[in-house]
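Q: What follows is input-v4.pdb, PDB, C-alpha atoms and all ligand atoms.
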ATOM      1  CA  MET A  15      87.828 137.606 129.548  1.00  0.00           C
ATOM      2  CA  GLU A  16      88.607 133.993 128.836  1.00  0.00           C
ATOM      3  CA  ILE A  17      86.906 132.248 125.917  1.00  0.00           C
ATOM      4  CA  ARG A  18      87.252 128.502 125.652  1.00  0.00           C
ATOM      5  CA  VAL A  19      86.144 126.677 122.536  1.00  0.00           C
ATOM      6  CA  CYS A  20      85.546 122.965 122.883  1.00  0.00           C
ATOM      7  CA  ILE A  21      87.723 120.895 120.586  1.00  0.00           C
ATOM      8  CA  GLY A  22      86.355 117.552 121.760  1.00  0.00           C
ATOM      9  CA  SER A  23      85.400 115.154 118.973  1.00  0.00           C
ATOM     10  CA  SER A  24      81.697 116.055 118.877  1.00  0.00           C
ATOM     11  CA  CYS A  25      82.335 119.803 118.753  1.00  0.00           C
ATOM     12  CA  TYR A  26      85.177 119.309 116.314  1.00  0.00           C
ATOM     13  CA  LEU A  27      82.721 117.664 113.927  1.00  0.00           C
ATOM     14  CA  LYS A  28      80.306 120.570 114.440  1.00  0.00           C
ATOM     15  CA  GLY A  29      82.985 123.031 113.324  1.00  0.00           C
ATOM     16  CA  SER A  30      85.050 124.057 116.343  1.00  0.00           C
ATOM     17  CA  ARG A  31      88.052 124.720 114.115  1.00  0.00           C
ATOM     18  CA  GLU A  32      86.074 127.273 112.081  1.00  0.00           C
ATOM     19  CA  VAL A  33      84.702 128.840 115.275  1.00  0.00           C
ATOM     20  CA  ILE A  34      88.212 129.256 116.693  1.00  0.00           C
ATOM     21  CA  ASN A  35      89.610 130.668 113.459  1.00  0.00           C
ATOM     22  CA  GLU A  36      86.758 133.134 113.107  1.00  0.00           C
ATOM     23  CA  LEU A  37      86.940 134.266 116.736  1.00  0.00           C
ATOM     24  CA  ASN A  38      90.692 134.661 116.455  1.00  0.00           C
ATOM     25  CA  GLN A  39      90.241 136.831 113.377  1.00  0.00           C
ATOM     26  CA  LEU A  40      87.568 139.004 115.031  1.00  0.00           C
ATOM     27  CA  ILE A  41      89.678 139.446 118.164  1.00  0.00           C
ATOM     28  CA  LYS A  42      92.599 140.625 116.038  1.00  0.00           C
ATOM     29  CA  GLU A  43      90.473 142.898 113.835  1.00  0.00           C
ATOM     30  CA  ASN A  44      89.044 144.580 116.904  1.00  0.00           C
ATOM     31  CA  SER A  45      92.425 144.828 118.674  1.00  0.00           C
ATOM     32  CA  LEU A  46      91.153 142.861 121.648  1.00  0.00           C
ATOM     33  CA  ASN A  47      94.161 140.577 122.048  1.00  0.00           C
ATOM     34  CA  SER A  48      95.076 142.079 125.391  1.00  0.00           C
ATOM     35  CA  MET A  49      91.495 141.834 126.693  1.00  0.00           C
ATOM     36  CA  VAL A  50      90.444 138.399 125.476  1.00  0.00           C
ATOM     37  CA  SER A  51      92.181 135.078 125.917  1.00  0.00           C
ATOM     38  CA  LEU A  52      91.093 132.428 123.398  1.00  0.00           C
ATOM     39  CA  LYS A  53      91.813 128.800 124.259  1.00  0.00           C
ATOM     40  CA  GLY A  54      90.774 125.335 123.230  1.00  0.00           C
ATOM     41  CA  SER A  55      89.168 122.969 125.711  1.00  0.00           C
ATOM     42  CA  PHE A  56      88.516 119.281 126.012  1.00  0.00           C
ATOM     43  CA  CYS A  57      84.897 118.090 126.064  1.00  0.00           C
ATOM     44  CA  MET A  58      82.764 120.207 128.395  1.00  0.00           C
ATOM     45  CA  GLY A  59      80.079 117.537 128.709  1.00  0.00           C
ATOM     46  CA  LYS A  60      77.509 119.330 126.575  1.00  0.00           C
ATOM     47  CA  CYS A  61      77.931 117.371 123.352  1.00  0.00           C
ATOM     48  CA  SER A  62      74.207 116.762 122.877  1.00  0.00           C
ATOM     49  CA  VAL A  63      73.398 120.451 122.403  1.00  0.00           C
ATOM     50  CA  ASP A  64      73.435 121.837 118.846  1.00  0.00           C
ATOM     51  CA  GLY A  65      76.430 124.016 118.090  1.00  0.00           C
ATOM     52  CA  VAL A  66      80.000 124.129 119.303  1.00  0.00           C
ATOM     53  CA  THR A  67      80.288 124.570 123.064  1.00  0.00           C
ATOM     54  CA  VAL A  68      81.971 127.835 123.988  1.00  0.00           C
ATOM     55  CA  SER A  69      82.511 129.095 127.511  1.00  0.00           C
ATOM     56  CA  CYS A  70      83.036 132.748 128.296  1.00  0.00           C
ATOM     57  CA  ASP A  71      84.205 133.126 131.856  1.00  0.00           C
ATOM     58  CA  ASP A  72      81.546 131.037 133.666  1.00  0.00           C
ATOM     59  CA  LYS A  73      78.790 130.942 131.039  1.00  0.00           C
ATOM     60  CA  PHE A  74      78.212 128.418 128.267  1.00  0.00           C
ATOM     61  CA  TYR A  75      77.120 129.232 124.737  1.00  0.00           C
ATOM     62  CA  PHE A  76      76.493 127.031 121.726  1.00  0.00           C
ATOM     63  CA  VAL A  77      77.776 128.522 118.513  1.00  0.00           C
ATOM     64  CA  GLU A  78      77.324 127.389 114.931  1.00  0.00           C
ATOM     65  CA  PRO A  79      80.251 128.243 112.633  1.00  0.00           C
ATOM     66  CA  ASP A  80      77.947 130.504 110.580  1.00  0.00           C
ATOM     67  CA  ASP A  81      76.869 132.434 113.683  1.00  0.00           C
ATOM     68  CA  VAL A  82      80.286 133.434 115.020  1.00  0.00           C
ATOM     69  CA  ASP A  83      79.963 137.076 113.874  1.00  0.00           C
ATOM     70  CA  ASP A  84      76.632 137.381 115.637  1.00  0.00           C
ATOM     71  CA  PHE A  85      77.963 135.698 118.790  1.00  0.00           C
ATOM     72  CA  PHE A  86      80.949 138.019 118.831  1.00  0.00           C
ATOM     73  CA  GLU A  87      78.810 141.145 118.447  1.00  0.00           C
ATOM     74  CA  LYS A  88      76.109 140.135 120.925  1.00  0.00           C
ATOM     75  CA  VAL A  89      78.101 138.342 123.610  1.00  0.00           C
ATOM     76  CA  ILE A  90      81.779 139.184 123.461  1.00  0.00           C
ATOM     77  CA  VAL A  91      81.759 142.864 122.554  1.00  0.00           C
ATOM     78  CA  PRO A  92      79.237 143.947 125.220  1.00  0.00           C
ATOM     79  CA  SER A  93      81.274 142.098 127.865  1.00  0.00           C
ATOM     80  CA  ILE A  94      84.371 144.176 127.230  1.00  0.00           C
ATOM     81  CA  PRO A  95      84.221 147.677 128.683  1.00  0.00           C
ATOM     82  CA  ARG A  96      86.409 149.327 126.095  1.00  0.00           C
ATOM     83  CA  ALA A  97      85.066 147.380 123.124  1.00  0.00           C
ATOM     84  CA  ILE A  98      83.754 149.244 120.118  1.00  0.00           C
TER      85      ILE A  98
HETATM   86  S1  LIG A 101      82.800 117.509 122.583  1.00  0.00           S
HETATM   87 FE1  LIG A 101      82.285 119.580 122.985  1.00  0.00          FE
HETATM   88  S2  LIG A 101      80.986 119.458 124.710  1.00  0.00           S
HETATM   89 FE2  LIG A 101      81.588 117.426 124.344  1.00  0.00          FE
END
Show me, as structure tokens, the structure contained in the file I just sent.
Ligand code: FES

A:
Amino acid sequence: MEIRVCIGSSCYLKGSREVINELNQLIKENSLNSMVSLKGSFCMGKCSVDGVTVSCDDKFYFVEPDDVDDFFEKVIVPSIPRAI
């Protein structure tokens, strides 16, 4: 699975750095490094939506820094067959 977190200026101001750091931490804690690729992305053209734009494979999500745990549990974990 490929996760891309927008680091364009609008998303950066909404907390993309915190989102990336938190996701990175959760991926490590759950030993998913070999299953999940986490990358930064330039603007994905969805700046007007609340939250940091995150794409997982072909789908877009909008994640607030405080909601990263929830996003990880509800979106990322169920998408990985061997995930806990
Ligand atoms: S800056 Fe993130 S979608 Fe535009």

Q: Let me see if you get this right: every residue at most 12 Å from ligand LIG 101 (chain A), counting all atoms listed in the file, written as JSON, numbers by chain.

A: {"A": [18, 19, 20, 21, 22, 23, 24, 25, 26, 27, 28, 29, 30, 31, 54, 55, 56, 57, 58, 59, 60, 61, 62, 63, 64, 65, 66, 67, 68, 69, 74, 75, 76, 77]}

Q: Please measure the separation of atom CA of Asp71 of chain A and atom CA of Asn35 of chain A, giving the value in Å to one decimal.

A: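 Those two atoms sit 19.3 Å apart.
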
Q: Grab the atom CA of Ser48 of chain A to atom CA of Glu78 of chain A distance for me, in Å with one decimal place.

A: 25.3 Å

Q: Might you spell out which residues the PyMOL selection byres (((chain A and resi 44) around 12) and not hetatm) would select in the displayed file, as number ranges by chain?

A: A: 37-43, 45-50, 86-87, 90-91, 94, 96-98

Q: Of the candidates A:Lys53, A:Pro79, A:Asp84, A:Ser93, which one gets nearest to Glu32 of chain A if we count only C-alpha atoms?

A: A:Pro79
